[in-house]
file data-v5.tsv (TSV, C-alpha atoms)
chain	number	residue	atom	x	y	z
A	16	MET	CA	-21.15	-8.23	18.32
A	17	ARG	CA	-18.21	-9.39	16.25
A	18	LYS	CA	-17.92	-13.15	16.00
A	19	PHE	CA	-15.25	-15.65	15.09
A	20	VAL	CA	-15.58	-17.74	12.00
A	21	ARG	CA	-13.60	-20.87	11.45
A	22	PRO	CA	-11.48	-20.42	8.34
A	23	GLY	CA	-12.27	-22.72	5.45
A	24	ARG	CA	-9.70	-24.35	3.24
A	25	ARG	CA	-9.61	-21.36	0.89
A	26	GLU	CA	-8.99	-18.84	3.70
A	27	ARG	CA	-6.31	-21.09	5.26
A	28	ALA	CA	-4.61	-21.37	1.88
A	29	ILE	CA	-4.67	-17.59	1.47
A	30	GLY	CA	-3.07	-17.13	4.90
A	31	ASN	CA	-0.38	-19.75	4.34
A	32	ASN	CA	0.48	-18.47	0.88
A	33	HIS	CA	0.65	-14.92	2.18
A	34	ARG	CA	3.02	-15.83	5.00
A	35	ASN	CA	5.31	-17.66	2.61
A	36	ARG	CA	5.32	-14.75	0.17
A	37	VAL	CA	6.04	-12.25	2.95
A	38	ARG	CA	8.97	-14.28	4.29
A	39	ALA	CA	10.47	-14.74	0.84
A	40	LEU	CA	9.91	-11.16	-0.26
A	41	VAL	CA	11.23	-9.46	2.85
A	42	SER	CA	14.22	-11.77	3.21
A	43	SER	CA	15.29	-11.37	-0.41
A	44	THR	CA	14.69	-7.62	-0.39
A	45	ALA	CA	16.67	-7.17	2.81
A	46	LEU	CA	19.62	-9.20	1.50
A	47	VAL	CA	19.69	-7.32	-1.79
A	48	ALA	CA	19.44	-3.96	-0.06
A	49	VAL	CA	22.20	-4.66	2.46
A	50	SER	CA	24.58	-6.16	-0.09
A	51	THR	CA	23.99	-3.20	-2.38
A	52	LEU	CA	24.47	-0.63	0.34
A	53	PHE	CA	27.57	-1.90	2.05
A	54	ALA	CA	29.55	-3.62	-0.67
A	55	PRO	CA	32.46	-1.43	-1.87
A	56	ALA	CA	31.18	-1.41	-5.44
A	57	MET	CA	31.26	2.36	-5.96
A	58	PRO	CA	34.58	3.70	-7.32
A	59	ALA	CA	36.33	6.23	-5.10
A	60	GLN	CA	35.87	9.12	-7.52
A	61	ALA	CA	32.10	8.59	-7.43
A	62	GLN	CA	31.89	9.26	-3.69
A	63	THR	CA	31.46	12.61	-2.04
A	64	ASN	CA	31.26	13.43	1.66
A	65	TRP	CA	29.62	16.35	3.43
A	66	THR	CA	32.15	18.59	5.21
A	67	ALA	CA	30.39	22.00	5.45
A	68	ALA	CA	33.83	23.49	4.78
A	69	ALA	CA	32.22	26.43	2.99
A	70	MET	CA	30.61	27.32	6.31
A	71	SER	CA	27.00	26.92	5.25
A	72	ASN	CA	24.26	24.29	5.34
A	73	ASP	CA	23.57	24.44	1.59
A	74	TRP	CA	23.64	21.09	-0.24
A	75	PHE	CA	24.28	22.91	-3.55
A	76	THR	CA	27.51	24.65	-2.46
A	77	ALA	CA	30.44	22.72	-3.93
A	78	GLY	CA	32.80	23.72	-1.12
A	79	ASN	CA	30.63	21.90	1.40
A	80	TRP	CA	31.64	18.54	-0.14
A	81	ASP	CA	35.05	16.89	-0.45
A	82	ASN	CA	34.37	15.86	-4.04
A	83	GLY	CA	31.84	18.38	-5.26
A	84	VAL	CA	28.06	18.52	-5.19
A	85	PRO	CA	26.57	15.02	-5.65
A	86	THR	CA	25.09	14.05	-8.98
A	87	ALA	CA	23.06	11.01	-10.06
A	88	GLY	CA	26.32	9.00	-10.29
A	89	HIS	CA	27.56	9.82	-6.78
A	90	SER	CA	27.32	8.09	-3.44
A	91	ALA	CA	26.68	10.95	-1.00
A	92	THR	CA	27.58	10.49	2.68
A	93	LEU	CA	26.43	12.85	5.43
A	94	ASP	CA	28.49	11.93	8.48
A	95	THR	CA	28.88	15.21	10.35
A	96	VAL	CA	26.68	18.02	11.63
A	97	THR	CA	29.67	20.21	12.51
A	98	PRO	CA	29.90	23.06	11.78
A	99	PHE	CA	26.57	22.79	9.94
A	100	PRO	CA	24.04	20.04	9.13
A	101	THR	CA	22.77	19.64	5.57
A	102	VAL	CA	19.75	21.41	4.02
A	103	ILE	CA	18.09	21.02	0.60
A	104	GLY	CA	15.78	23.94	-0.01
A	105	GLY	CA	13.85	25.09	-3.05
A	106	LEU	CA	15.82	23.15	-5.69
A	107	GLY	CA	16.21	19.59	-6.95
A	108	ALA	CA	19.14	17.43	-5.80
A	109	SER	CA	20.20	13.93	-6.86
A	110	ALA	CA	22.58	11.11	-5.94
A	111	GLN	CA	22.76	7.38	-6.55
A	112	ILE	CA	23.04	6.39	-2.89
A	113	VAL	CA	22.44	8.74	0.04
A	114	LEU	CA	23.74	7.72	3.48
A	115	VAL	CA	22.63	9.99	6.33
A	116	GLY	CA	24.75	8.75	9.21
A	117	ASN	CA	27.03	6.10	7.75
A	118	GLN	CA	29.66	5.75	10.48
A	119	GLY	CA	29.07	9.01	12.32
A	120	THR	CA	26.20	11.46	12.84
A	121	GLY	CA	24.38	12.93	9.87
A	122	GLN	CA	21.40	15.23	9.51
A	123	LEU	CA	19.39	16.23	6.44
A	124	THR	CA	16.46	18.63	6.14
A	125	ILE	CA	14.47	18.92	2.90
A	126	GLN	CA	12.35	22.06	3.00
A	127	ASP	CA	10.81	24.94	1.03
A	128	GLY	CA	9.83	22.68	-1.87
A	129	GLY	CA	13.26	21.06	-2.19
A	130	GLU	CA	13.50	17.62	-3.79
A	131	LEU	CA	16.03	14.78	-3.54
A	132	SER	CA	16.10	11.88	-6.00
A	133	SER	CA	18.17	8.75	-5.37
A	134	SER	CA	18.27	5.05	-6.07
A	135	VAL	CA	18.74	4.12	-2.40
A	136	GLY	CA	18.38	6.05	0.85
A	137	VAL	CA	19.71	4.93	4.25
A	138	VAL	CA	19.31	6.76	7.55
A	139	GLY	CA	21.58	5.27	10.21
A	140	ALA	CA	23.65	2.80	8.18
A	141	LEU	CA	26.45	1.17	10.20
A	142	ALA	CA	26.68	0.27	13.88
A	143	GLY	CA	27.12	3.35	16.06
A	144	SER	CA	25.85	5.75	13.43
A	145	HIS	CA	23.01	8.22	13.96
A	146	GLY	CA	20.98	9.68	11.11
A	147	THR	CA	18.16	12.21	11.21
A	148	VAL	CA	16.04	13.28	8.24
A	149	THR	CA	13.18	15.80	8.17
A	150	VAL	CA	11.05	16.35	5.08
A	151	THR	CA	8.87	19.36	5.77
A	152	GLY	CA	6.48	21.60	3.86
A	153	ALA	CA	4.32	21.25	0.78
A	154	GLY	CA	6.33	20.30	-2.31
A	155	SER	CA	9.30	18.97	-0.31
A	156	ARG	CA	10.10	15.38	-1.35
A	157	TRP	CA	12.61	12.56	-1.18
A	158	VAL	CA	12.09	9.97	-3.91
A	159	THR	CA	14.06	6.70	-3.97
A	160	SER	CA	13.48	4.19	-6.75
A	161	GLY	CA	14.81	1.35	-4.59
A	162	ALA	CA	15.08	0.72	-0.85
A	163	PHE	CA	14.56	3.37	1.80
A	164	VAL	CA	15.98	2.12	5.12
A	165	VAL	CA	15.63	3.87	8.47
A	166	GLY	CA	17.91	2.18	11.00
A	167	ALA	CA	19.99	-0.36	9.05
A	168	PHE	CA	22.61	-1.35	11.65
A	169	GLY	CA	22.59	2.11	13.27
A	170	SER	CA	19.98	4.49	14.64
A	171	GLY	CA	17.76	6.39	12.21
A	172	THR	CA	14.93	8.91	12.55
A	173	LEU	CA	12.67	10.14	9.75
A	174	THR	CA	10.03	12.85	10.21
A	175	ILE	CA	7.62	13.71	7.39
A	176	GLU	CA	5.59	16.78	8.33
A	177	ASN	CA	3.61	19.79	7.15
A	178	GLY	CA	2.81	18.29	3.76
A	179	GLY	CA	6.23	16.77	3.02
A	180	ARG	CA	6.43	13.50	1.09
A	181	VAL	CA	8.66	10.44	0.72
A	182	SER	CA	8.33	7.85	-2.06
A	183	SER	CA	10.29	4.59	-2.21
A	184	GLY	CA	10.44	1.24	-3.95
A	185	THR	CA	10.48	-0.57	-0.58
A	186	GLY	CA	10.55	0.68	2.99
A	187	MET	CA	12.26	-0.81	6.04
A	188	ILE	CA	12.32	0.54	9.61
A	189	GLY	CA	14.74	-1.22	11.97
A	190	ASN	CA	16.28	-3.41	9.33
A	191	ARG	CA	19.10	-5.60	10.59
A	192	THR	CA	20.76	-7.09	13.66
A	193	GLY	CA	24.02	-8.94	14.23
A	194	PRO	CA	27.55	-8.51	15.58
A	195	GLN	CA	27.65	-5.15	13.78
A	196	GLY	CA	24.75	-3.83	15.87
A	197	THR	CA	20.97	-3.66	15.90
A	198	GLY	CA	19.14	-1.29	13.62
A	199	VAL	CA	16.74	1.03	15.44
A	200	GLY	CA	14.43	3.06	13.23
A	201	THR	CA	11.74	5.62	14.07
A	202	VAL	CA	9.43	7.19	11.50
A	203	THR	CA	6.74	9.82	12.13
A	204	VAL	CA	4.29	10.95	9.44
A	205	THR	CA	2.25	13.86	10.74
A	206	GLY	CA	0.05	16.62	9.41
A	207	PHE	CA	-2.39	16.96	6.52
A	208	GLY	CA	-0.76	16.22	3.16
A	209	SER	CA	2.23	14.48	4.75
A	210	ARG	CA	2.67	10.98	3.37
A	211	TRP	CA	4.98	8.08	2.65
A	212	ASP	CA	4.22	6.06	-0.48
A	213	THR	CA	6.17	2.82	-0.78
A	214	GLY	CA	6.12	-0.73	-2.04
A	215	GLY	CA	6.31	-3.31	0.75
A	216	LEU	CA	6.80	-1.76	4.21
A	217	THR	CA	8.45	-3.69	7.06
A	218	VAL	CA	8.52	-2.22	10.57
A	219	GLY	CA	11.03	-4.25	12.59
A	220	ASN	CA	12.60	-6.51	9.97
A	221	GLU	CA	15.38	-7.93	12.14
A	222	GLY	CA	15.84	-4.85	14.33
A	223	ILE	CA	13.53	-2.50	16.24
A	224	GLY	CA	11.14	-0.34	14.24
A	225	THR	CA	8.51	2.25	15.19
A	226	LEU	CA	6.04	4.00	12.90
A	227	THR	CA	3.60	6.71	13.99
A	228	VAL	CA	0.97	8.16	11.66
A	229	ALA	CA	-0.81	11.11	13.23
A	230	ASP	CA	-2.79	14.31	12.68
A	231	ARG	CA	-4.13	13.32	9.22
A	232	GLY	CA	-0.80	11.98	7.97
A	233	ALA	CA	-0.89	9.02	5.59
A	234	VAL	CA	1.16	5.96	4.63
A	235	SER	CA	0.41	3.94	1.49
A	236	SER	CA	2.14	0.61	0.89
A	237	ALA	CA	1.82	-2.49	-1.26
A	238	GLY	CA	1.78	-4.67	1.87
A	239	GLY	CA	2.89	-4.42	5.48
A	240	VAL	CA	4.76	-6.46	8.08
A	241	ILE	CA	5.06	-5.39	11.73
A	242	GLY	CA	7.76	-7.56	13.33
A	243	ASN	CA	9.21	-9.94	10.77
A	244	SER	CA	12.04	-12.12	12.09
A	245	SER	CA	13.08	-13.82	15.29
A	246	GLY	CA	13.85	-11.25	17.99
A	247	SER	CA	12.63	-8.26	16.00
A	248	GLN	CA	10.16	-5.73	17.38
A	249	GLY	CA	7.75	-3.65	15.34
A	250	THR	CA	5.33	-1.03	16.65
A	251	VAL	CA	2.85	0.98	14.61
A	252	THR	CA	0.41	3.61	15.89
A	253	VAL	CA	-2.20	5.24	13.65
A	254	THR	CA	-3.95	7.93	15.63
A	255	GLY	CA	-6.37	10.77	15.03
A	256	ALA	CA	-9.23	11.34	12.60
A	257	GLY	CA	-7.98	11.36	9.02
A	258	SER	CA	-4.76	9.46	9.81
A	259	LEU	CA	-4.44	6.46	7.50
A	260	TRP	CA	-2.26	3.46	6.68
A	261	PHE	CA	-3.51	2.00	3.41
A	262	ASN	CA	-2.17	-1.37	2.24
A	263	SER	CA	-3.08	-2.60	-1.21
A	264	GLY	CA	-1.78	-6.02	-0.07
A	265	ASN	CA	-1.83	-7.98	3.19
A	266	LEU	CA	-0.82	-6.93	6.70
A	267	SER	CA	1.00	-9.22	9.17
A	268	VAL	CA	1.38	-8.22	12.82
A	269	GLY	CA	3.96	-10.49	14.46
A	270	ASN	CA	5.63	-12.90	12.06
A	271	VAL	CA	7.73	-15.92	13.05
A	272	GLY	CA	9.59	-15.32	16.33
A	273	SER	CA	8.91	-11.57	16.37
A	274	THR	CA	6.79	-9.16	18.39
A	275	GLY	CA	4.40	-6.92	16.50
A	276	THR	CA	2.04	-4.29	17.90
A	277	LEU	CA	-0.55	-2.22	16.05
A	278	THR	CA	-2.67	0.45	17.73
A	279	ILE	CA	-5.46	2.26	15.87
A	280	ALA	CA	-6.84	5.04	18.05
A	281	ASP	CA	-8.92	8.21	18.17
A	282	GLY	CA	-10.35	7.89	14.66
A	283	GLY	CA	-7.31	6.45	12.87
A	284	ALA	CA	-7.78	3.95	10.05
A	285	VAL	CA	-5.90	0.95	8.59
A	286	ASN	CA	-6.89	-0.85	5.39
A	287	ASP	CA	-5.56	-4.09	3.87
A	288	MET	CA	-6.59	-7.20	1.96
A	289	LEU	CA	-5.91	-9.82	4.65
A	290	GLY	CA	-5.01	-9.22	8.29
A	291	ILE	CA	-2.83	-11.71	10.20
A	292	ILE	CA	-2.03	-11.38	13.92
A	293	GLY	CA	0.62	-13.56	15.57
A	294	VAL	CA	1.08	-16.38	13.09
A	295	GLY	CA	4.18	-18.59	13.12
A	296	PRO	CA	6.25	-20.28	15.85
A	297	GLY	CA	7.18	-17.92	18.68
A	298	SER	CA	5.38	-14.91	17.24
A	299	GLN	CA	3.42	-12.45	19.34
A	300	GLY	CA	0.99	-10.11	17.64
A	301	THR	CA	-1.23	-7.54	19.35
A	302	VAL	CA	-3.77	-5.26	17.73
A	303	THR	CA	-5.89	-2.69	19.58
A	304	VAL	CA	-8.64	-0.72	17.86
A	305	THR	CA	-9.97	1.88	20.25
A	306	GLY	CA	-12.07	5.02	20.15
A	307	ALA	CA	-15.02	6.22	18.11
A	308	GLY	CA	-14.26	6.28	14.39
A	309	SER	CA	-11.17	4.06	14.71
A	310	ILE	CA	-11.38	1.28	12.13
A	311	TRP	CA	-9.39	-1.64	10.76
A	312	THR	CA	-10.77	-2.82	7.43
A	313	SER	CA	-9.63	-6.07	5.82
A	314	SER	CA	-11.32	-6.82	2.52
A	315	ALA	CA	-10.98	-10.60	3.17
A	316	SER	CA	-10.57	-11.75	6.80
A	317	VAL	CA	-8.62	-11.16	9.99
A	318	PHE	CA	-6.74	-14.19	11.35
A	319	VAL	CA	-5.84	-14.07	15.06
A	320	GLY	CA	-3.11	-16.52	16.13
A	321	GLY	CA	-2.11	-19.86	14.68
A	322	THR	CA	0.75	-22.19	13.69
A	323	GLY	CA	2.43	-21.78	17.08
A	324	GLY	CA	1.89	-18.04	17.31
A	325	THR	CA	0.00	-15.91	19.82
A	326	GLY	CA	-2.40	-13.21	18.69
A	327	THR	CA	-4.54	-10.73	20.57
A	328	LEU	CA	-7.20	-8.47	19.07
A	329	THR	CA	-8.92	-5.91	21.29
A	330	ILE	CA	-11.79	-3.73	20.09
A	331	ALA	CA	-12.79	-1.04	22.59
A	332	ASP	CA	-14.63	2.23	23.14
A	333	GLY	CA	-16.39	2.35	19.78
A	334	GLY	CA	-13.59	0.99	17.61
A	335	THR	CA	-14.48	-1.20	14.62
A	336	VAL	CA	-12.92	-4.16	12.82
A	337	SER	CA	-14.43	-4.99	9.46
A	338	GLY	CA	-13.73	-8.08	7.35
A	339	ARG	CA	-15.80	-9.78	4.70
A	340	HIS	CA	-15.45	-13.13	6.47
A	341	GLY	CA	-15.15	-11.76	9.99
A	342	ALA	CA	-12.35	-12.63	12.41
A	343	SER	CA	-10.86	-16.12	12.75
A	344	SER	CA	-9.14	-17.31	15.90
A	345	ARG	CA	-7.17	-20.49	16.59
A	346	GLY	CA	-5.68	-20.65	20.07
A	347	ALA	CA	-5.66	-16.86	20.34
A	348	GLU	CA	-7.36	-14.21	22.42
A	349	TYR	CA	-10.07	-11.93	21.19
A	350	ARG	CA	-11.56	-9.25	23.42
A	351	ARG	CA	-14.32	-6.81	22.77
A	352	ARG	CA	-15.05	-4.18	25.40
A	353	PRO	CA	-18.29	-2.20	25.34
A	354	GLY	CA	-17.98	1.41	24.29

call {"tool": "encode", "arguments": {"input": "data-v5.tsv", "output": "structure tokens"}}
result
Amino acid sequence: MRKFVRPGRRERAIGNNHRNRVRALVSSTALVAVSTLFAPAMPAQAQTNWTAAAMSNDWFTAGNWDNGVPTAGHSATLDTVTPFPTVIGGLGASAQIVLVGNQGTGQLTIQDGGELSSSVGVVGALAGSHGTVTVTGAGSRWVTSGAFVVGAFGSGTLTIENGGRVSSGTGMIGNRTGPQGTGVGTVTVTGFGSRWDTGGLTVGNEGIGTLTVADRGAVSSAGGVIGNSSGSQGTVTVTGAGSLWFNSGNLSVGNVGSTGTLTIADGGAVNDMLGIIGVGPGSQGTVTVTGAGSIWTSSASVFVGGTGGTGTLTIADGGTVSGRHGASSRGAEYRRRPG
């Protein structure tokens, strides 16, 4: 039987310091990323737009771009799927900034061991845009040294499958909201060898974000936030034996004013240093760990609710939550069902 433990001064200090660091880090990262992406800092001659005028889907065909094949100094925009969407296959491509769906509809597939290197990647940039990216097959990769954003102010979908990989400096799913629109981002990592390696990962920063890790897929991040700001919604599902979200830092589910939901099911696993559910005024955090072999491991503790927030932790049907200091609850709900 799992029991609550009342957090001591040291544990409370860890939780408070973590929340402050998360708010500062995510807010500053988001502002830097958005200002970098949408400020007209790139000279016109450094921009190239996908046209498919050469009547093929090949990224490396110069006639498919209005200013030639992108290089490391280009901003590449994919804003049409007519007459053909864009494919990188078998070779290495590069650009400074890649926008898949900037104002229109863009689609990019990286396959057959193809690789794309960029400083920044955005899928679904501006309001009304739609971006779709698929990274599929062993050896296929998209590497960004800076931010990778799925659903900035538009709608973005990223699928990593069949051993494909994405690496990024930071990751954001459902990034922004405002008069320009609400970012809606959906990411699926599925299949053995498929993975997303990133610095901090925020699912529902100010928008709506969804992350699914399934069928032995994996996500590795330096820390995680599910639902970060007032009005945002973040949903993460880790399902199936061998499916893993590994955080080398802390994991917050439902930050101030947001709604965060984490489901670990059917043998899925989540690891972090410190787990926090529904902490901060107006926050709602819900975690469900269900099914034999499903496990949430926090090397320190799991905090459920506090500082005006509402947290719910449900452990059911053979699921396990493991923390060195157990689970702490202040004005929250904790349920354990036999299984």

call {"tool": "residues_around", "arguments": {"input": "data-v5.tsv", "residues": "Thr252 in chain A", "least_positions_apart": "4", "cutoff": "8 Å", "atoms": "all atoms listed in the file", "output": "JSON, numbers by chain"}}
result
{"A": [226, 227, 228, 277, 278, 279, 280]}

call {"tool": "closest_residue", "arguments": {"input": "data-v5.tsv", "among": "A:Gly154, A:Gly242, A:Gly146, A:Gly88", "to": "Gly105 in chain A", "atoms": "all atoms listed in the file"}}
result
A:Gly154

call {"tool": "closest_residue", "arguments": {"input": "data-v5.tsv", "among": "A:Gly326, A:Gly128, A:Gly264, A:Gly121", "to": "Gly214 in chain A", "atoms": "all atoms listed in the file"}}
result
A:Gly264

call {"tool": "residues_around", "arguments": {"input": "data-v5.tsv", "residues": "Val240 in chain A", "least_positions_apart": "3", "cutoff": "9 Å", "atoms": "all atoms listed in the file", "output": "NGL selection string"}}
result
:A and (37 or 41 or 215-220 or 243 or 249 or 265-270 or 275)

call {"tool": "residues_near_point", "arguments": {"input": "data-v5.tsv", "point": "(2.7, -21.3, 18.6)", "cutoff": "6 Å", "atoms": "only C-alpha atoms", "output": "ChimeraX atom specification"}}
result
/A:296-297,322-324

call {"tool": "residues_around", "arguments": {"input": "data-v5.tsv", "residues": "range 176-190 of chain A", "least_positions_apart": "6", "cutoff": "7 Å", "atoms": "only C-alpha atoms", "output": "VMD selection string"}}
result
chain A and resid 150 to 167 198 to 201 204 to 225

call {"tool": "build_atoms", "arguments": {"input": "data-v5.tsv", "residues": "range 194-204 of chain A", "atoms": "all heavy atoms", "output": "PDB file, in the coordinates of the input"}}
result
ATOM      1  N   PRO A 194      26.371  -8.995  14.855  1.00  0.00           N
ATOM      2  CA  PRO A 194      27.550  -8.510  15.580  1.00  0.00           C
ATOM      3  C   PRO A 194      27.836  -7.036  15.309  1.00  0.00           C
ATOM      4  O   PRO A 194      28.435  -6.353  16.137  1.00  0.00           O
ATOM      5  CB  PRO A 194      28.670  -9.404  15.030  1.00  0.00           C
ATOM      6  CG  PRO A 194      27.988 -10.620  14.509  1.00  0.00           C
ATOM      7  CD  PRO A 194      26.662 -10.155  14.000  1.00  0.00           C
ATOM      8  N   GLN A 195      27.410  -6.552  14.127  1.00  0.00           N
ATOM      9  CA  GLN A 195      27.650  -5.150  13.780  1.00  0.00           C
ATOM     10  C   GLN A 195      26.781  -4.203  14.585  1.00  0.00           C
ATOM     11  O   GLN A 195      27.056  -3.013  14.673  1.00  0.00           O
ATOM     12  CB  GLN A 195      27.398  -4.906  12.289  1.00  0.00           C
ATOM     13  CG  GLN A 195      28.203  -5.795  11.362  1.00  0.00           C
ATOM     14  CD  GLN A 195      27.428  -7.036  10.954  1.00  0.00           C
ATOM     15  OE1 GLN A 195      26.659  -7.587  11.734  1.00  0.00           O
ATOM     16  NE2 GLN A 195      27.639  -7.484   9.734  1.00  0.00           N
ATOM     17  N   GLY A 196      25.674  -4.687  15.152  1.00  0.00           N
ATOM     18  CA  GLY A 196      24.750  -3.830  15.870  1.00  0.00           C
ATOM     19  C   GLY A 196      23.317  -4.161  15.500  1.00  0.00           C
ATOM     20  O   GLY A 196      23.041  -4.999  14.642  1.00  0.00           O
ATOM     21  N   THR A 197      22.386  -3.481  16.154  1.00  0.00           N
ATOM     22  CA  THR A 197      20.970  -3.660  15.900  1.00  0.00           C
ATOM     23  C   THR A 197      20.394  -2.367  15.346  1.00  0.00           C
ATOM     24  O   THR A 197      20.549  -1.306  15.952  1.00  0.00           O
ATOM     25  CB  THR A 197      20.210  -4.052  17.174  1.00  0.00           C
ATOM     26  OG1 THR A 197      20.687  -5.325  17.633  1.00  0.00           O
ATOM     27  CG2 THR A 197      18.714  -4.144  16.922  1.00  0.00           C
ATOM     28  N   GLY A 198      19.740  -2.460  14.208  1.00  0.00           N
ATOM     29  CA  GLY A 198      19.140  -1.290  13.620  1.00  0.00           C
ATOM     30  C   GLY A 198      17.910  -0.858  14.409  1.00  0.00           C
ATOM     31  O   GLY A 198      17.042  -1.666  14.731  1.00  0.00           O
ATOM     32  N   VAL A 199      17.874   0.447  14.734  1.00  0.00           N
ATOM     33  CA  VAL A 199      16.740   1.030  15.440  1.00  0.00           C
ATOM     34  C   VAL A 199      16.215   2.174  14.593  1.00  0.00           C
ATOM     35  O   VAL A 199      16.927   3.159  14.359  1.00  0.00           O
ATOM     36  CB  VAL A 199      17.131   1.537  16.845  1.00  0.00           C
ATOM     37  CG1 VAL A 199      15.923   2.164  17.543  1.00  0.00           C
ATOM     38  CG2 VAL A 199      17.710   0.404  17.687  1.00  0.00           C
ATOM     39  N   GLY A 200      14.989   2.047  14.107  1.00  0.00           N
ATOM     40  CA  GLY A 200      14.430   3.060  13.230  1.00  0.00           C
ATOM     41  C   GLY A 200      13.124   3.614  13.768  1.00  0.00           C
ATOM     42  O   GLY A 200      12.293   2.879  14.299  1.00  0.00           O
ATOM     43  N   THR A 201      12.958   4.944  13.619  1.00  0.00           N
ATOM     44  CA  THR A 201      11.740   5.620  14.070  1.00  0.00           C
ATOM     45  C   THR A 201      11.263   6.531  12.965  1.00  0.00           C
ATOM     46  O   THR A 201      12.025   7.378  12.474  1.00  0.00           O
ATOM     47  CB  THR A 201      12.006   6.456  15.337  1.00  0.00           C
ATOM     48  OG1 THR A 201      12.520   5.608  16.365  1.00  0.00           O
ATOM     49  CG2 THR A 201      10.730   7.128  15.821  1.00  0.00           C
ATOM     50  N   VAL A 202      10.011   6.371  12.559  1.00  0.00           N
ATOM     51  CA  VAL A 202       9.430   7.190  11.500  1.00  0.00           C
ATOM     52  C   VAL A 202       8.127   7.798  12.016  1.00  0.00           C
ATOM     53  O   VAL A 202       7.288   7.102  12.603  1.00  0.00           O
ATOM     54  CB  VAL A 202       9.147   6.380  10.232  1.00  0.00           C
ATOM     55  CG1 VAL A 202       8.432   7.233   9.188  1.00  0.00           C
ATOM     56  CG2 VAL A 202      10.452   5.825   9.648  1.00  0.00           C
ATOM     57  N   THR A 203       7.967   9.117  11.782  1.00  0.00           N
ATOM     58  CA  THR A 203       6.740   9.820  12.130  1.00  0.00           C
ATOM     59  C   THR A 203       6.224  10.535  10.888  1.00  0.00           C
ATOM     60  O   THR A 203       6.966  11.279  10.247  1.00  0.00           O
ATOM     61  CB  THR A 203       6.975  10.847  13.249  1.00  0.00           C
ATOM     62  OG1 THR A 203       7.496  10.181  14.402  1.00  0.00           O
ATOM     63  CG2 THR A 203       5.681  11.560  13.613  1.00  0.00           C
ATOM     64  N   VAL A 204       4.961  10.275  10.552  1.00  0.00           N
ATOM     65  CA  VAL A 204       4.290  10.950   9.440  1.00  0.00           C
ATOM     66  C   VAL A 204       3.136  11.732  10.038  1.00  0.00           C
ATOM     67  O   VAL A 204       2.174  11.142  10.543  1.00  0.00           O
ATOM     68  CB  VAL A 204       3.786   9.960   8.383  1.00  0.00           C
ATOM     69  CG1 VAL A 204       3.189  10.702   7.199  1.00  0.00           C
ATOM     70  CG2 VAL A 204       4.920   9.039   7.916  1.00  0.00           C
TER      71      VAL A 204
END
